[in-house]
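For reference, protein.cif (mmCIF, C-alpha atoms, pLDDT in the B column; chains and numbers go by the auth columns):
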data_start
loop_
_atom_site.group_PDB
_atom_site.id
_atom_site.type_symbol
_atom_site.label_atom_id
_atom_site.label_comp_id
_atom_site.label_asym_id
_atom_site.label_seq_id
_atom_site.Cartn_x
_atom_site.Cartn_y
_atom_site.Cartn_z
_atom_site.B_iso_or_equiv
_atom_site.auth_seq_id
_atom_site.auth_asym_id
ATOM 1 C CA MET A 1 92.108 117.842 112.195 93.00 207 U
ATOM 2 C CA ASP A 2 93.335 118.756 115.665 97.00 208 U
ATOM 3 C CA PHE A 3 96.841 120.226 115.977 97.00 209 U
ATOM 4 C CA ILE A 4 98.026 121.134 119.464 97.00 210 U
ATOM 5 C CA VAL A 5 101.452 122.476 120.456 97.00 211 U
ATOM 6 C CA ASN A 6 102.398 122.167 124.127 97.00 212 U
ATOM 7 C CA LYS A 7 105.677 123.960 124.841 96.00 213 U
ATOM 8 C CA GLU A 8 105.676 122.839 128.505 96.00 214 U
ATOM 9 C CA THR A 9 105.848 119.163 127.521 97.00 215 U
ATOM 10 C CA LYS A 10 107.695 119.847 124.216 97.00 216 U
ATOM 11 C CA THR A 11 105.031 117.937 122.293 97.00 217 U
ATOM 12 C CA VAL A 12 102.875 118.329 119.228 98.00 218 U
ATOM 13 C CA SER A 13 99.638 116.321 119.145 98.00 219 U
ATOM 14 C CA ILE A 14 97.821 115.717 115.875 98.00 220 U
ATOM 15 C CA THR A 15 94.547 113.845 115.415 98.00 221 U
ATOM 16 C CA LYS A 16 92.828 113.234 112.099 98.00 222 U
ATOM 17 C CA GLU A 17 90.017 110.962 110.949 97.00 223 U
ATOM 18 C CA PHE A 18 90.035 109.324 107.541 97.00 224 U
ATOM 19 C CA ALA A 19 87.104 107.831 105.633 96.00 225 U
ATOM 20 C CA ALA A 20 88.944 104.550 105.083 96.00 226 U
ATOM 21 C CA GLU A 21 89.313 101.135 106.684 95.00 227 U
ATOM 22 C CA ILE A 22 92.065 100.756 109.279 96.00 228 U
ATOM 23 C CA ASP A 23 93.961 98.157 107.171 96.00 229 U
ATOM 24 C CA LEU A 24 94.305 100.646 104.325 96.00 230 U
ATOM 25 C CA VAL A 25 95.363 103.525 106.585 98.00 231 U
ATOM 26 C CA TRP A 26 97.909 101.296 108.364 98.00 232 U
ATOM 27 C CA ASP A 27 99.361 100.246 105.003 97.00 233 U
ATOM 28 C CA ALA A 28 99.625 103.898 103.914 98.00 234 U
ATOM 29 C CA TYR A 29 101.798 104.597 106.976 98.00 235 U
ATOM 30 C CA THR A 30 103.893 101.421 106.835 98.00 236 U
ATOM 31 C CA LYS A 31 104.552 100.562 103.172 97.00 237 U
ATOM 32 C CA PRO A 32 107.158 102.622 101.314 97.00 238 U
ATOM 33 C CA GLU A 33 105.383 102.482 97.956 96.00 239 U
ATOM 34 C CA LEU A 34 102.365 104.171 99.585 97.00 240 U
ATOM 35 C CA LEU A 35 104.297 106.471 101.950 97.00 241 U
ATOM 36 C CA ASP A 36 106.211 107.970 99.040 97.00 242 U
ATOM 37 C CA GLN A 37 102.916 109.010 97.447 97.00 243 U
ATOM 38 C CA TRP A 38 101.905 111.304 100.320 97.00 244 U
ATOM 39 C CA TRP A 39 104.565 111.786 103.048 97.00 245 U
ATOM 40 C CA ALA A 40 105.720 115.260 101.973 95.00 246 U
ATOM 41 C CA PRO A 41 104.055 118.659 101.673 93.00 247 U
ATOM 42 C CA LYS A 42 103.467 119.647 98.068 91.00 248 U
ATOM 43 C CA PRO A 43 105.411 120.518 95.924 94.00 249 U
ATOM 44 C CA TYR A 44 107.985 118.296 97.712 95.00 250 U
ATOM 45 C CA ALA A 45 108.123 114.550 97.166 96.00 251 U
ATOM 46 C CA SER A 46 109.148 111.737 99.489 97.00 252 U
ATOM 47 C CA ARG A 47 111.679 109.203 98.219 97.00 253 U
ATOM 48 C CA THR A 48 112.443 106.197 100.418 98.00 254 U
ATOM 49 C CA LYS A 49 115.953 104.799 100.088 98.00 255 U
ATOM 50 C CA VAL A 50 115.623 102.094 102.775 97.00 256 U
ATOM 51 C CA MET A 51 112.638 100.868 104.754 98.00 257 U
ATOM 52 C CA ASP A 52 112.540 97.928 107.128 98.00 258 U
ATOM 53 C CA PHE A 53 109.283 98.201 109.071 98.00 259 U
ATOM 54 C CA ARG A 54 110.036 96.165 112.184 98.00 260 U
ATOM 55 C CA GLU A 55 111.127 96.900 115.738 98.00 261 U
ATOM 56 C CA GLY A 56 114.761 97.923 115.434 98.00 262 U
ATOM 57 C CA GLY A 57 114.278 98.651 111.719 98.00 263 U
ATOM 58 C CA LYS A 58 114.408 101.993 109.979 98.00 264 U
ATOM 59 C CA ARG A 59 113.166 104.199 107.201 98.00 265 U
ATOM 60 C CA PHE A 60 115.721 106.443 105.519 98.00 266 U
ATOM 61 C CA TYR A 61 114.187 108.860 103.059 98.00 267 U
ATOM 62 C CA ALA A 62 114.634 112.213 101.384 98.00 268 U
ATOM 63 C CA MET A 63 112.221 115.075 101.040 96.00 269 U
ATOM 64 C CA VAL A 64 112.957 116.196 97.502 97.00 270 U
ATOM 65 C CA SER A 65 112.261 119.739 96.315 96.00 271 U
ATOM 66 C CA PRO A 66 110.959 120.440 92.795 97.00 272 U
ATOM 67 C CA GLU A 67 114.538 121.495 91.934 97.00 273 U
ATOM 68 C CA GLY A 68 115.903 118.147 93.158 97.00 274 U
ATOM 69 C CA ALA A 69 117.406 119.305 96.481 97.00 275 U
ATOM 70 C CA GLU A 70 117.292 116.547 99.106 97.00 276 U
ATOM 71 C CA LYS A 71 116.675 116.850 102.852 96.00 277 U
ATOM 72 C CA TRP A 72 117.329 113.450 104.451 97.00 278 U
ATOM 73 C CA VAL A 73 115.473 111.991 107.431 97.00 279 U
ATOM 74 C CA LEU A 74 116.213 108.842 109.413 98.00 280 U
ATOM 75 C CA GLN A 75 113.427 107.147 111.352 98.00 281 U
ATOM 76 C CA LYS A 76 114.193 104.238 113.695 98.00 282 U
ATOM 77 C CA TYR A 77 111.239 102.023 114.670 98.00 283 U
ATOM 78 C CA THR A 78 111.234 101.409 118.424 98.00 284 U
ATOM 79 C CA SER A 79 107.888 99.652 118.933 98.00 285 U
ATOM 80 C CA ILE A 80 105.216 98.118 116.688 98.00 286 U
ATOM 81 C CA THR A 81 101.805 96.720 117.604 98.00 287 U
ATOM 82 C CA PRO A 82 100.226 95.810 114.232 97.00 288 U
ATOM 83 C CA LYS A 83 97.196 97.862 113.157 97.00 289 U
ATOM 84 C CA THR A 84 97.162 99.744 116.482 98.00 290 U
ATOM 85 C CA ASN A 85 100.402 101.578 117.223 98.00 291 U
ATOM 86 C CA PHE A 86 103.968 102.169 116.224 98.00 292 U
ATOM 87 C CA LYS A 87 106.683 104.411 117.614 98.00 293 U
ATOM 88 C CA LEU A 88 109.807 105.804 116.044 98.00 294 U
ATOM 89 C CA PHE A 89 112.722 108.107 116.652 98.00 295 U
ATOM 90 C CA ASN A 90 112.967 110.771 113.926 96.00 296 U
ATOM 91 C CA ALA A 91 115.933 112.984 113.068 95.00 297 U
ATOM 92 C CA PHE A 92 117.273 114.912 110.126 94.00 298 U
ATOM 93 C CA ALA A 93 120.435 113.380 108.681 97.00 299 U
ATOM 94 C CA ASP A 94 122.907 113.732 105.882 97.00 300 U
ATOM 95 C CA ALA A 95 122.978 111.417 102.850 97.00 301 U
ATOM 96 C CA ASP A 96 125.187 108.993 104.824 97.00 302 U
ATOM 97 C CA GLU A 97 122.701 108.658 107.728 97.00 303 U
ATOM 98 C CA ASN A 98 124.737 110.841 110.112 97.00 304 U
ATOM 99 C CA LEU A 99 122.118 112.297 112.439 96.00 305 U
ATOM 100 C CA GLU A 100 121.521 115.982 113.092 92.00 306 U
ATOM 101 C CA LEU A 101 120.504 115.908 116.729 89.00 307 U
ATOM 102 C CA PRO A 102 118.362 116.587 118.644 90.00 308 U
ATOM 103 C CA GLY A 103 115.568 114.475 117.230 93.00 309 U
ATOM 104 C CA SER A 104 111.996 113.653 118.191 96.00 310 U
ATOM 105 C CA ASP A 105 109.970 110.633 119.305 98.00 311 U
ATOM 106 C CA TRP A 106 106.804 109.960 117.323 98.00 312 U
ATOM 107 C CA ASP A 107 103.938 107.825 118.647 98.00 313 U
ATOM 108 C CA PHE A 108 101.239 106.812 116.116 98.00 314 U
ATOM 109 C CA ASN A 109 97.913 105.377 117.355 98.00 315 U
ATOM 110 C CA PHE A 110 95.267 103.921 115.035 98.00 316 U
ATOM 111 C CA SER A 111 91.630 103.122 115.825 98.00 317 U
ATOM 112 C CA GLY A 112 88.900 102.198 113.385 96.00 318 U
ATOM 113 C CA GLU A 113 85.142 102.015 113.464 95.00 319 U
ATOM 114 C CA ASN A 114 82.495 101.751 110.730 94.00 320 U
ATOM 115 C CA GLY A 115 84.888 102.429 107.858 93.00 321 U
ATOM 116 C CA THR A 116 86.514 105.433 109.552 97.00 322 U
ATOM 117 C CA THR A 117 90.015 105.428 110.986 98.00 323 U
ATOM 118 C CA LYS A 118 91.334 107.881 113.535 98.00 324 U
ATOM 119 C CA VAL A 119 95.077 108.474 113.652 98.00 325 U
ATOM 120 C CA SER A 120 96.513 110.190 116.722 98.00 326 U
ATOM 121 C CA ILE A 121 100.146 111.270 116.582 98.00 327 U
ATOM 122 C CA SER A 122 102.182 112.562 119.494 98.00 328 U
ATOM 123 C CA ILE A 123 105.591 114.073 118.736 98.00 329 U
ATOM 124 C CA TYR A 124 107.917 114.589 121.689 98.00 330 U
ATOM 125 C CA ASN A 125 110.923 116.811 121.024 96.00 331 U
ATOM 126 C CA GLU A 126 114.162 116.379 122.940 91.00 332 U
ATOM 127 C CA SER A 127 114.468 120.148 123.270 92.00 333 U
ATOM 128 C CA LEU A 128 112.206 123.172 123.312 93.00 334 U
ATOM 129 C CA GLU A 129 114.521 124.716 120.718 93.00 335 U
ATOM 130 C CA ARG A 130 113.776 121.843 118.299 91.00 336 U
ATOM 131 C CA LEU A 131 110.032 122.194 118.862 94.00 337 U
ATOM 132 C CA GLU A 132 110.193 125.924 118.205 94.00 338 U
ATOM 133 C CA ARG A 133 112.292 125.333 115.081 91.00 339 U
ATOM 134 C CA MET A 134 109.699 122.851 113.777 91.00 340 U
ATOM 135 C CA ILE A 135 106.944 125.417 114.260 94.00 341 U
ATOM 136 C CA GLU A 136 108.993 128.217 112.668 94.00 342 U
ATOM 137 C CA MET A 137 109.728 125.995 109.647 91.00 343 U
ATOM 138 C CA GLY A 138 105.977 125.745 109.010 94.00 344 U
ATOM 139 C CA PHE A 139 105.453 122.226 110.352 95.00 345 U
ATOM 140 C CA LYS A 140 101.727 122.732 110.962 96.00 346 U
ATOM 141 C CA GLU A 141 101.063 123.986 107.439 96.00 347 U
ATOM 142 C CA GLY A 142 103.320 121.367 105.856 96.00 348 U
ATOM 143 C CA PHE A 143 101.907 118.450 107.835 96.00 349 U
ATOM 144 C CA THR A 144 98.353 119.624 107.128 96.00 350 U
ATOM 145 C CA MET A 145 99.147 119.493 103.388 95.00 351 U
ATOM 146 C CA THR A 146 100.740 116.082 103.858 97.00 352 U
ATOM 147 C CA LEU A 147 97.684 114.650 105.626 97.00 353 U
ATOM 148 C CA ASN A 148 95.432 116.139 102.943 96.00 354 U
ATOM 149 C CA SER A 149 97.502 114.244 100.359 96.00 355 U
ATOM 150 C CA LEU A 150 96.986 111.073 102.410 98.00 356 U
ATOM 151 C CA GLU A 151 93.248 111.725 102.454 97.00 357 U
ATOM 152 C CA GLU A 152 93.235 112.010 98.641 96.00 358 U
ATOM 153 C CA LEU A 153 95.313 108.834 98.251 97.00 359 U
ATOM 154 C CA LEU A 154 93.047 106.871 100.604 97.00 360 U
ATOM 155 C CA ALA A 155 89.965 107.987 98.651 95.00 361 U
ATOM 156 C CA THR A 156 91.562 106.809 95.397 95.00 362 U
ATOM 157 C CA LEU A 157 92.690 103.484 96.886 94.00 363 U
ATOM 158 C CA SER A 158 89.254 102.894 98.463 90.00 364 U
ATOM 159 C CA GLU A 159 87.563 103.534 95.101 89.00 365 U
ATOM 160 C CA GLN A 160 89.955 101.140 93.367 88.00 366 U
ATOM 161 C CA LYS A 161 89.292 98.470 96.008 83.00 367 U
ATOM 162 C CA GLU A 162 85.505 98.848 95.621 83.00 368 U
ATOM 163 C CA ALA A 163 85.755 98.643 91.825 86.00 369 U
ATOM 164 C CA LYS A 164 87.397 95.188 92.026 79.00 370 U
#

Using structure tokens, write down the structure from this file.
Amino acid sequence: MDFIVNKETKTVSITKEFAAEIDLVWDAYTKPELLDQWWAPKPYASRTKVMDFREGGKRFYAMVSPEGAEKWVLQKYTSITPKTNFKLFNAFADADENLELPGSDWDFNFSGENGTTKVSISIYNESLERLERMIEMGFKEGFTMTLNSLEELLATLSEQKEAK
């Protein structure tokens, strides 16, 4: 996995390859029943309240601690090119979807070849302060754990698909 922080451009770039077909990886990023199985660093869990994966749609979810504390996030989908790319605006929020600004713009790119899928993510932060806060909060370590959980889920789903 590549993880690059560029303070000049206020971006984080992440690239990871998965040993899974692009259709399966795309589904893992775009279907709430799959997202909730991996989109949180352990021991946290992701719980989607609303998800409408379309341009102009949103995902509203909570990161839930083992003690049950919720940290809400609102993601608004701004662009979708099926199986290739989607973009969203991401911001923390309260339980009523009131945003805690500034937020960040996420750009997800997918490419597949010979049963391997590469996902490249670019995260642009509206402010340097937000970028630095992300890093201080342990974003790299947390997102690494999250992507490792995705890798495990994809392996399980691929095995189940082959067994059918």

Which centre and edge lengths in Å to one decimal define the box along x, y and z that fits every listed atom of region 342-356 of chain U plus 5 Å per side, as lines of an AutoDock Vina configuration file?
center_x = 102.6
center_y = 119.6
center_z = 106.5
size_x = 24.3
size_y = 27.1
size_z = 22.3

Task: Selection as a VMD selection string: residues within 7 Å of (116.1, 110.6, 116.6), counting all atoms listed in the file - done: chain U and resid 281 295 to 297 307 to 311

Task: Close residues, region 219-222 of chain U itself excluded, 7 Å, only C-alpha atoms, min 2 positions apart in chain, as a ChimeraX atom specification - done: /U:207-211,217,224,324-329

Task: Top pick for closest residue to Leu363 (chain U), considering U:Ala246, U:Met340, U:Ala251, U:Ala234 and counting all atoms listed in the file - done: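 Looking only at the distances to Leu363 (chain U), the closest residue turns out to be U:Ala234.
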
TODO: Go ahead and compute the interatomic distance for CA of Leu360 (chain U) and CA of Ala275 (chain U), in Å to one decimal.
DONE: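 That distance, rounded to one decimal, is 27.7 Å.
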
- [ ] Check what the PyMOL selection byres ((chain U and resi 265) around 6) selects in the file above and give those residues as a count of residues only.
- [x] 6

- [ ] Pick out the residues sitting within 8 Å of region 349-353 of chain U, and hand them over as a list in words; count all atoms listed in the file, and ignore anything fewer than 5 positions along from it in its own chain.
- [x]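 Here the answer would be Trp244, Trp245, Ala246, Pro247 and Lys248 of chain U.
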
For the residues in the current selection, export C-alpha atoms as a compact mmCIF listing (two decimals), keeping the file's coordinate frame.
# COMPACT_ATOMS: atom_id res chain seq x y z
CA TRP U 244 101.90 111.30 100.32
CA TRP U 245 104.56 111.79 103.05
CA ALA U 246 105.72 115.26 101.97
CA PRO U 247 104.06 118.66 101.67
CA LYS U 248 103.47 119.65 98.07

Task: One-decimal distance in Å that lies between CA of Glu276 (chain U) and CA of Lys213 (chain U) - done: 29.2 Å

Shell around Thr362 (chain U) at 12 Å using all atoms listed in the file, local window under 3 positions removed, as a short mmCIF file (atom, residue, chain, number, x, y, z; two decimals) with C-alpha atoms, keeping the file's coordinate frame:
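Final output, saved to part-v2.cif:
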data_model
loop_
_atom_site.label_atom_id
_atom_site.label_comp_id
_atom_site.auth_asym_id
_atom_site.auth_seq_id
_atom_site.Cartn_x
_atom_site.Cartn_y
_atom_site.Cartn_z
CA ALA U 225 87.10 107.83 105.63
CA ALA U 226 88.94 104.55 105.08
CA LEU U 230 94.30 100.65 104.32
CA LEU U 240 102.36 104.17 99.58
CA GLN U 243 102.92 109.01 97.45
CA SER U 355 97.50 114.24 100.36
CA LEU U 356 96.99 111.07 102.41
CA GLU U 357 93.25 111.72 102.45
CA GLU U 358 93.24 112.01 98.64
CA LEU U 359 95.31 108.83 98.25
CA GLU U 365 87.56 103.53 95.10
CA GLN U 366 89.96 101.14 93.37
CA LYS U 367 89.29 98.47 96.01
CA GLU U 368 85.50 98.85 95.62
CA ALA U 369 85.76 98.64 91.82
#

Open item on the list: Could you check the closest approach to Ala361 (chain U) for each of U:Thr287, U:Lys277, U:Ser271, U:Thr322 and tell me which residue wins, using all atoms listed in the file?
Closed with: U:Thr322
